[in-house]
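File shown here: final.txt, holding compact mmCIF, N, CA and C atoms and all ligand atoms.
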# COMPACT_ATOMS: atom_id res chain seq x y z
N MET A 180 6.21 -22.89 31.63
CA MET A 180 4.94 -22.28 31.21
C MET A 180 5.18 -20.88 30.64
N THR A 181 5.90 -20.07 31.41
CA THR A 181 6.16 -18.71 30.93
C THR A 181 7.05 -18.73 29.69
N ASP A 182 8.08 -19.61 29.71
CA ASP A 182 8.96 -19.71 28.55
C ASP A 182 8.19 -20.16 27.31
N GLN A 183 7.32 -21.13 27.50
CA GLN A 183 6.52 -21.66 26.39
C GLN A 183 5.68 -20.55 25.76
N THR A 184 5.04 -19.75 26.62
CA THR A 184 4.21 -18.65 26.13
C THR A 184 5.06 -17.66 25.34
N HIS A 185 6.24 -17.36 25.88
CA HIS A 185 7.12 -16.40 25.22
C HIS A 185 7.52 -16.90 23.83
N ILE A 186 7.90 -18.17 23.75
CA ILE A 186 8.31 -18.75 22.46
C ILE A 186 7.13 -18.71 21.49
N HIS A 187 5.95 -19.05 22.00
CA HIS A 187 4.76 -19.05 21.14
C HIS A 187 4.51 -17.65 20.58
N ASP A 188 4.57 -16.63 21.45
CA ASP A 188 4.33 -15.26 21.01
C ASP A 188 5.37 -14.84 19.97
N HIS A 189 6.60 -15.23 20.21
CA HIS A 189 7.66 -14.80 19.31
C HIS A 189 7.48 -15.40 17.91
N THR A 190 7.12 -16.68 17.86
CA THR A 190 7.05 -17.34 16.56
C THR A 190 5.80 -16.94 15.78
N THR A 191 4.73 -16.54 16.49
CA THR A 191 3.50 -16.20 15.78
C THR A 191 3.44 -14.73 15.39
N GLU A 192 4.37 -13.92 15.88
CA GLU A 192 4.34 -12.49 15.56
C GLU A 192 4.78 -12.26 14.12
N ARG A 193 4.04 -11.42 13.44
CA ARG A 193 4.40 -11.09 12.06
C ARG A 193 4.98 -9.68 12.03
N ALA A 194 6.13 -9.56 11.38
CA ALA A 194 6.79 -8.25 11.30
C ALA A 194 5.95 -7.30 10.45
N LEU A 195 5.68 -6.10 11.00
CA LEU A 195 4.75 -5.17 10.35
C LEU A 195 5.37 -4.49 9.14
N TRP A 196 6.53 -3.84 9.32
CA TRP A 196 7.07 -3.00 8.24
C TRP A 196 7.55 -3.81 7.04
N PRO A 197 8.19 -4.98 7.25
CA PRO A 197 8.50 -5.80 6.06
C PRO A 197 7.26 -6.18 5.27
N ALA A 198 6.16 -6.49 5.97
CA ALA A 198 4.92 -6.85 5.27
C ALA A 198 4.37 -5.66 4.50
N ILE A 199 4.42 -4.47 5.11
CA ILE A 199 3.94 -3.26 4.42
C ILE A 199 4.80 -2.97 3.19
N TRP A 200 6.12 -3.12 3.34
CA TRP A 200 7.03 -2.83 2.23
C TRP A 200 6.85 -3.83 1.09
N LYS A 201 6.69 -5.12 1.43
CA LYS A 201 6.43 -6.12 0.39
C LYS A 201 5.13 -5.79 -0.34
N GLY A 202 4.10 -5.41 0.42
CA GLY A 202 2.83 -5.05 -0.20
C GLY A 202 2.95 -3.82 -1.08
N PHE A 203 3.74 -2.84 -0.62
CA PHE A 203 3.95 -1.62 -1.40
C PHE A 203 4.58 -1.96 -2.74
N ARG A 204 5.45 -2.96 -2.77
CA ARG A 204 6.10 -3.38 -4.02
C ARG A 204 5.19 -4.30 -4.82
N GLY A 205 3.95 -4.53 -4.32
CA GLY A 205 3.00 -5.37 -5.05
C GLY A 205 3.23 -6.84 -4.84
N LYS A 206 4.00 -7.19 -3.82
CA LYS A 206 4.32 -8.60 -3.59
C LYS A 206 3.57 -9.12 -2.36
N CYS A 207 3.44 -10.44 -2.32
CA CYS A 207 2.77 -11.11 -1.22
C CYS A 207 3.45 -10.76 0.11
N PRO A 208 2.66 -10.39 1.15
CA PRO A 208 3.27 -10.02 2.43
C PRO A 208 3.96 -11.18 3.13
N LYS A 209 3.61 -12.42 2.76
CA LYS A 209 4.22 -13.57 3.43
C LYS A 209 5.56 -13.95 2.79
N CYS A 210 5.55 -14.22 1.47
CA CYS A 210 6.77 -14.72 0.82
C CYS A 210 7.54 -13.62 0.11
N GLY A 211 6.89 -12.51 -0.23
CA GLY A 211 7.58 -11.40 -0.86
C GLY A 211 7.93 -11.61 -2.32
N SER A 212 7.46 -12.70 -2.94
CA SER A 212 7.80 -12.91 -4.35
C SER A 212 6.57 -13.02 -5.25
N GLY A 213 5.46 -13.52 -4.75
CA GLY A 213 4.27 -13.64 -5.59
C GLY A 213 3.55 -12.31 -5.73
N PRO A 214 3.09 -11.96 -6.93
CA PRO A 214 2.32 -10.71 -7.10
C PRO A 214 0.94 -10.84 -6.47
N ILE A 215 0.49 -9.78 -5.77
CA ILE A 215 -0.82 -9.86 -5.12
C ILE A 215 -1.91 -9.20 -5.95
N LEU A 216 -1.54 -8.37 -6.93
CA LEU A 216 -2.53 -7.69 -7.75
C LEU A 216 -2.48 -8.21 -9.17
N LYS A 217 -3.66 -8.41 -9.76
CA LYS A 217 -3.72 -8.68 -11.19
C LYS A 217 -4.41 -7.49 -11.86
N SER A 218 -4.19 -7.29 -13.14
CA SER A 218 -4.52 -6.06 -13.85
C SER A 218 -3.99 -4.88 -13.03
N TYR A 219 -4.81 -3.89 -12.74
CA TYR A 219 -4.27 -2.71 -12.07
C TYR A 219 -4.47 -2.74 -10.56
N LEU A 220 -5.70 -3.03 -10.13
CA LEU A 220 -6.01 -2.94 -8.70
C LEU A 220 -6.67 -4.20 -8.14
N LYS A 221 -6.92 -5.21 -8.99
CA LYS A 221 -7.67 -6.38 -8.52
C LYS A 221 -6.77 -7.28 -7.69
N LEU A 222 -7.25 -7.59 -6.48
CA LEU A 222 -6.47 -8.42 -5.57
C LEU A 222 -6.67 -9.89 -5.92
N ARG A 223 -5.56 -10.63 -6.04
CA ARG A 223 -5.65 -12.07 -6.28
C ARG A 223 -6.22 -12.75 -5.04
N PRO A 224 -7.00 -13.83 -5.20
CA PRO A 224 -7.55 -14.53 -4.03
C PRO A 224 -6.47 -15.20 -3.19
N SER A 225 -5.37 -15.61 -3.83
CA SER A 225 -4.28 -16.22 -3.07
C SER A 225 -2.97 -15.96 -3.80
N CYS A 226 -1.87 -16.09 -3.05
CA CYS A 226 -0.55 -15.87 -3.61
C CYS A 226 -0.22 -16.99 -4.59
N THR A 227 0.34 -16.64 -5.76
CA THR A 227 0.64 -17.65 -6.76
C THR A 227 1.89 -18.46 -6.41
N VAL A 228 2.68 -17.97 -5.47
CA VAL A 228 3.93 -18.66 -5.10
C VAL A 228 3.74 -19.52 -3.85
N CYS A 229 3.25 -18.89 -2.75
CA CYS A 229 3.19 -19.62 -1.48
C CYS A 229 1.76 -20.02 -1.10
N ARG A 230 0.79 -19.71 -1.94
CA ARG A 230 -0.61 -20.10 -1.71
C ARG A 230 -1.22 -19.42 -0.48
N GLU A 231 -0.62 -18.35 0.01
CA GLU A 231 -1.21 -17.63 1.14
C GLU A 231 -2.57 -17.07 0.72
N ASP A 232 -3.59 -17.30 1.57
CA ASP A 232 -4.94 -16.85 1.27
C ASP A 232 -5.03 -15.33 1.47
N LEU A 233 -5.26 -14.60 0.38
CA LEU A 233 -5.33 -13.13 0.45
C LEU A 233 -6.77 -12.63 0.44
N SER A 234 -7.74 -13.55 0.43
CA SER A 234 -9.14 -13.13 0.29
C SER A 234 -9.67 -12.42 1.54
N HIS A 235 -8.90 -12.47 2.64
CA HIS A 235 -9.36 -11.81 3.87
C HIS A 235 -9.13 -10.30 3.83
N ALA A 236 -8.33 -9.82 2.90
CA ALA A 236 -7.99 -8.39 2.88
C ALA A 236 -9.23 -7.54 2.61
N ARG A 237 -9.35 -6.46 3.36
CA ARG A 237 -10.45 -5.51 3.18
C ARG A 237 -9.85 -4.12 3.08
N ALA A 238 -9.28 -3.79 1.95
CA ALA A 238 -8.65 -2.48 1.80
C ALA A 238 -9.70 -1.38 1.65
N ASP A 239 -10.82 -1.66 1.00
CA ASP A 239 -11.92 -0.71 0.81
C ASP A 239 -11.42 0.64 0.27
N ASP A 240 -11.78 1.72 0.95
CA ASP A 240 -11.39 3.05 0.48
C ASP A 240 -10.04 3.49 1.01
N GLY A 241 -9.38 2.65 1.78
CA GLY A 241 -8.11 3.04 2.39
C GLY A 241 -7.06 3.51 1.40
N PRO A 242 -6.80 2.75 0.32
CA PRO A 242 -5.79 3.19 -0.64
C PRO A 242 -6.12 4.54 -1.28
N ALA A 243 -7.40 4.77 -1.61
CA ALA A 243 -7.79 6.05 -2.20
C ALA A 243 -7.60 7.19 -1.20
N TYR A 244 -7.96 6.92 0.06
CA TYR A 244 -7.79 7.93 1.11
C TYR A 244 -6.32 8.32 1.26
N LEU A 245 -5.45 7.31 1.36
CA LEU A 245 -4.02 7.59 1.54
C LEU A 245 -3.43 8.27 0.31
N THR A 246 -3.90 7.87 -0.89
CA THR A 246 -3.40 8.50 -2.12
C THR A 246 -3.74 9.99 -2.14
N ILE A 247 -5.00 10.32 -1.82
CA ILE A 247 -5.41 11.73 -1.79
C ILE A 247 -4.62 12.48 -0.73
N LEU A 248 -4.44 11.85 0.43
CA LEU A 248 -3.70 12.49 1.52
C LEU A 248 -2.28 12.84 1.10
N ILE A 249 -1.58 11.88 0.50
CA ILE A 249 -0.18 12.08 0.13
C ILE A 249 -0.05 13.02 -1.05
N VAL A 250 -0.84 12.78 -2.11
CA VAL A 250 -0.74 13.62 -3.31
C VAL A 250 -1.11 15.06 -2.96
N GLY A 251 -2.14 15.23 -2.15
CA GLY A 251 -2.55 16.58 -1.76
C GLY A 251 -1.47 17.31 -0.98
N HIS A 252 -0.82 16.59 -0.07
CA HIS A 252 0.20 17.24 0.76
C HIS A 252 1.51 17.47 0.01
N ILE A 253 1.71 16.78 -1.11
CA ILE A 253 2.88 17.07 -1.94
C ILE A 253 2.55 18.19 -2.93
N MET A 254 1.40 18.08 -3.58
CA MET A 254 1.09 18.97 -4.69
C MET A 254 0.64 20.36 -4.26
N ALA A 255 -0.07 20.48 -3.15
CA ALA A 255 -0.55 21.81 -2.74
C ALA A 255 0.62 22.74 -2.41
N PRO A 256 1.59 22.34 -1.58
CA PRO A 256 2.75 23.22 -1.36
C PRO A 256 3.58 23.44 -2.62
N ALA A 257 3.70 22.39 -3.45
CA ALA A 257 4.48 22.51 -4.69
C ALA A 257 3.83 23.52 -5.63
N LEU A 258 2.50 23.50 -5.67
CA LEU A 258 1.77 24.48 -6.50
C LEU A 258 2.04 25.90 -6.01
N HIS A 259 2.01 26.07 -4.70
CA HIS A 259 2.27 27.39 -4.12
C HIS A 259 3.69 27.86 -4.44
N VAL A 260 4.67 26.99 -4.24
CA VAL A 260 6.07 27.35 -4.50
C VAL A 260 6.29 27.65 -5.98
N ALA A 261 5.72 26.79 -6.85
CA ALA A 261 5.90 26.99 -8.29
C ALA A 261 5.28 28.31 -8.73
N PHE A 262 4.12 28.65 -8.16
CA PHE A 262 3.46 29.89 -8.57
C PHE A 262 4.22 31.11 -8.08
N THR A 263 4.64 31.11 -6.82
CA THR A 263 5.28 32.30 -6.26
C THR A 263 6.70 32.51 -6.79
N THR A 264 7.42 31.43 -7.12
CA THR A 264 8.80 31.62 -7.57
C THR A 264 8.90 31.78 -9.08
N PHE A 265 8.08 31.04 -9.87
CA PHE A 265 8.27 31.07 -11.33
C PHE A 265 7.22 31.91 -12.05
N ARG A 266 6.05 32.15 -11.43
CA ARG A 266 4.96 32.90 -12.07
C ARG A 266 4.73 32.43 -13.50
N PRO A 267 4.47 31.13 -13.70
CA PRO A 267 4.29 30.64 -15.07
C PRO A 267 2.93 31.05 -15.63
N GLU A 268 2.78 30.84 -16.93
CA GLU A 268 1.48 31.03 -17.57
C GLU A 268 0.47 30.10 -16.89
N PRO A 269 -0.74 30.60 -16.61
CA PRO A 269 -1.73 29.76 -15.91
C PRO A 269 -1.97 28.40 -16.58
N LEU A 270 -2.03 28.41 -17.92
CA LEU A 270 -2.30 27.16 -18.61
C LEU A 270 -1.12 26.19 -18.50
N VAL A 271 0.09 26.72 -18.47
CA VAL A 271 1.28 25.88 -18.29
C VAL A 271 1.27 25.25 -16.90
N LEU A 272 1.00 26.10 -15.90
CA LEU A 272 0.94 25.61 -14.51
C LEU A 272 -0.14 24.54 -14.36
N PHE A 273 -1.32 24.82 -14.91
CA PHE A 273 -2.43 23.88 -14.83
C PHE A 273 -2.06 22.55 -15.49
N THR A 274 -1.47 22.61 -16.67
CA THR A 274 -1.14 21.39 -17.41
C THR A 274 -0.12 20.54 -16.64
N ILE A 275 0.93 21.19 -16.16
CA ILE A 275 1.98 20.44 -15.44
C ILE A 275 1.41 19.79 -14.18
N PHE A 276 0.64 20.56 -13.41
CA PHE A 276 0.15 20.00 -12.15
C PHE A 276 -0.97 18.99 -12.35
N SER A 277 -1.76 19.14 -13.41
CA SER A 277 -2.78 18.11 -13.70
C SER A 277 -2.12 16.78 -14.00
N ILE A 278 -1.14 16.83 -14.92
CA ILE A 278 -0.45 15.59 -15.28
C ILE A 278 0.29 15.03 -14.07
N GLY A 279 0.91 15.90 -13.29
CA GLY A 279 1.65 15.45 -12.10
C GLY A 279 0.74 14.78 -11.08
N CYS A 280 -0.43 15.39 -10.82
CA CYS A 280 -1.36 14.81 -9.85
C CYS A 280 -1.88 13.45 -10.32
N VAL A 281 -2.26 13.37 -11.59
CA VAL A 281 -2.79 12.11 -12.11
C VAL A 281 -1.71 11.03 -12.10
N ALA A 282 -0.52 11.37 -12.56
CA ALA A 282 0.56 10.39 -12.63
C ALA A 282 0.93 9.89 -11.24
N LEU A 283 1.06 10.80 -10.28
CA LEU A 283 1.43 10.40 -8.92
C LEU A 283 0.33 9.55 -8.28
N SER A 284 -0.94 9.92 -8.54
CA SER A 284 -2.05 9.14 -7.99
C SER A 284 -2.06 7.72 -8.56
N LEU A 285 -1.88 7.61 -9.89
CA LEU A 285 -1.90 6.29 -10.52
C LEU A 285 -0.70 5.46 -10.07
N TYR A 286 0.41 6.13 -9.77
CA TYR A 286 1.58 5.41 -9.28
C TYR A 286 1.34 4.90 -7.86
N LEU A 287 0.77 5.74 -7.01
CA LEU A 287 0.65 5.39 -5.59
C LEU A 287 -0.50 4.44 -5.29
N LEU A 288 -1.60 4.53 -6.03
CA LEU A 288 -2.82 3.80 -5.66
C LEU A 288 -2.60 2.29 -5.51
N PRO A 289 -2.07 1.58 -6.51
CA PRO A 289 -1.88 0.13 -6.31
C PRO A 289 -0.84 -0.19 -5.24
N ARG A 290 0.17 0.67 -5.10
CA ARG A 290 1.21 0.42 -4.09
C ARG A 290 0.65 0.59 -2.68
N LEU A 291 -0.19 1.60 -2.49
CA LEU A 291 -0.78 1.79 -1.17
C LEU A 291 -1.81 0.71 -0.87
N LYS A 292 -2.47 0.20 -1.91
CA LYS A 292 -3.39 -0.92 -1.68
C LYS A 292 -2.61 -2.13 -1.19
N GLY A 293 -1.48 -2.41 -1.84
CA GLY A 293 -0.63 -3.51 -1.40
C GLY A 293 -0.13 -3.31 0.02
N ALA A 294 0.24 -2.06 0.34
CA ALA A 294 0.72 -1.77 1.69
C ALA A 294 -0.36 -2.01 2.73
N ILE A 295 -1.61 -1.65 2.41
CA ILE A 295 -2.71 -1.87 3.35
C ILE A 295 -2.98 -3.37 3.51
N VAL A 296 -2.92 -4.11 2.41
CA VAL A 296 -3.09 -5.56 2.50
C VAL A 296 -1.98 -6.16 3.38
N GLY A 297 -0.76 -5.67 3.20
CA GLY A 297 0.36 -6.14 4.03
C GLY A 297 0.15 -5.81 5.50
N PHE A 298 -0.37 -4.61 5.76
CA PHE A 298 -0.66 -4.20 7.15
C PHE A 298 -1.70 -5.12 7.76
N GLN A 299 -2.79 -5.38 7.01
CA GLN A 299 -3.86 -6.24 7.54
C GLN A 299 -3.36 -7.67 7.74
N TRP A 300 -2.50 -8.13 6.83
CA TRP A 300 -1.93 -9.48 6.96
C TRP A 300 -1.06 -9.57 8.22
N ALA A 301 -0.21 -8.57 8.45
CA ALA A 301 0.70 -8.61 9.59
C ALA A 301 -0.04 -8.49 10.92
N ARG A 302 -1.14 -7.74 10.93
CA ARG A 302 -1.90 -7.53 12.17
C ARG A 302 -3.03 -8.55 12.34
N LEU A 303 -3.09 -9.55 11.45
CA LEU A 303 -4.10 -10.61 11.50
C LEU A 303 -5.52 -10.06 11.50
N MET A 304 -5.74 -9.03 10.70
CA MET A 304 -7.07 -8.41 10.65
C MET A 304 -7.99 -9.18 9.70
N HIS A 305 -9.29 -9.07 9.91
CA HIS A 305 -10.33 -9.54 8.98
C HIS A 305 -10.20 -11.02 8.62
N GLY A 306 -9.75 -11.85 9.52
CA GLY A 306 -9.71 -13.27 9.22
C GLY A 306 -8.37 -13.79 8.75
N PHE A 307 -7.37 -12.90 8.54
CA PHE A 307 -6.01 -13.39 8.34
C PHE A 307 -5.60 -14.10 9.62
N SER A 308 -5.13 -15.33 9.51
CA SER A 308 -4.79 -16.06 10.73
C SER A 308 -3.50 -16.83 10.52
N GLN A 309 -3.03 -17.44 11.62
CA GLN A 309 -1.77 -18.18 11.55
C GLN A 309 -1.95 -19.53 10.86
N GLU A 310 -3.20 -20.01 10.76
CA GLU A 310 -3.42 -21.36 10.24
C GLU A 310 -3.07 -21.48 8.76
N THR A 311 -3.32 -20.39 8.00
CA THR A 311 -3.12 -20.47 6.55
C THR A 311 -1.66 -20.31 6.19
ZN ZN A 401 3.27 -15.57 -1.18
As a first step, turn the structure in this file into structure tokens.
Amino acid sequence: MTDQTHIHDHTTERALWPAIWKGFRGKCPKCGSGPILKSYLKLRPSCTVCREDLSHARADDGPAYLTILIVGHIMAPALHVAFTTFRPEPLVLFTIFSIGCVALSLYLLPRLKGAIVGFQWARLMHGFSQET
């Protein structure tokens, strides 16, 4: 009885960090090869390779929140360091950091969405289940 339960728990457990990493790369958290996003941010209803149902994912504002959190914590200290050490022309500083913030945000947003979908898949949240 106890052994059976242990085996059951072991086989049904989904590894968290591999799923997050696969999602960050834009791949299906289950098979790691099918793309989960079409166009820029639209989540596919299911994986094109393994048919895993992805419609249960509820990323909502999570990717935007994490993007702002990370970009803000990278760019605010970088802005301070760049200003105090190089004293550039204000317009030069503004231009570089505007482009940097936008580029980093656009880079991170779909990847963090994939990571959140991977997290929800691994933790069986919102209707992700072992049956599918
Ligand atoms: Zn898949």
Report as a tab-separated table: every residue of chain A with an atom at most 6.5 Å from ligand ZN 401 (chain A), its closest pair of atoms, and their distance in Å to one decimal, counting only N, CA and C atoms and all ligand atoms, with rows sorted by chain and ascending residue number.
residue	atom	partner	partner_atom	distance
A:Cys207	CA	A:ZN401	ZN	4.5
A:Pro208	N	A:ZN401	ZN	5.7
A:Lys209	C	A:ZN401	ZN	4.9
A:Cys210	N	A:ZN401	ZN	3.7
A:Gly211	N	A:ZN401	ZN	4.8
A:Ser212	N	A:ZN401	ZN	5.4
A:Gly213	N	A:ZN401	ZN	4.7
A:Cys226	CA	A:ZN401	ZN	4.5
A:Thr227	N	A:ZN401	ZN	5.5
A:Val228	C	A:ZN401	ZN	4.8
A:Cys229	N	A:ZN401	ZN	3.7
A:Arg230	N	A:ZN401	ZN	4.9
A:Glu231	N	A:ZN401	ZN	4.9
Residues within 8 Å of (-5.3, 10.8, -5.1), counting all atoms listed in the file, listed as a VMD selection string: chain A and resid 242 to 251 280 to 281 283 to 285 287 to 288
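Note that atom N of Val260 (chain A) and atom N of Leu272 (chain A) are 12.3 Å apart.
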All alpha helix (DSSP H) positions in region 188-299 of chain A, as a ChimeraX atom specification: /A:188-191,195-203,241-265,269-299
Ref. answer, residues at most 8 Å from (-7.2, -10.6, 2.9) with only C-alpha atoms, as an MDAnalysis selection string: chainID A and resid 224 232:237 296 299:300 305:307
Point-to-point distance in Å for atom N of Ile275 (chain A) and atom C of Leu291 (chain A): 25.7 Å
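Atom to atom, atom C of Trp196 (chain A) and CA of Lys221 (chain A) stand 21.9 Å apart.
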Surrounding residues of Arg290 (chain A) excluding itself and chain neighbours under 6 positions, 7 Å, only C-alpha atoms, as a ChimeraX atom specification: /A:202-205
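For the set A:His259, A:Lys201, A:Lys292, A:Arg302, the residue with the smallest atom-to-atom gap to Gly241 (chain A) is A:Lys292, counting all atoms listed in the file.
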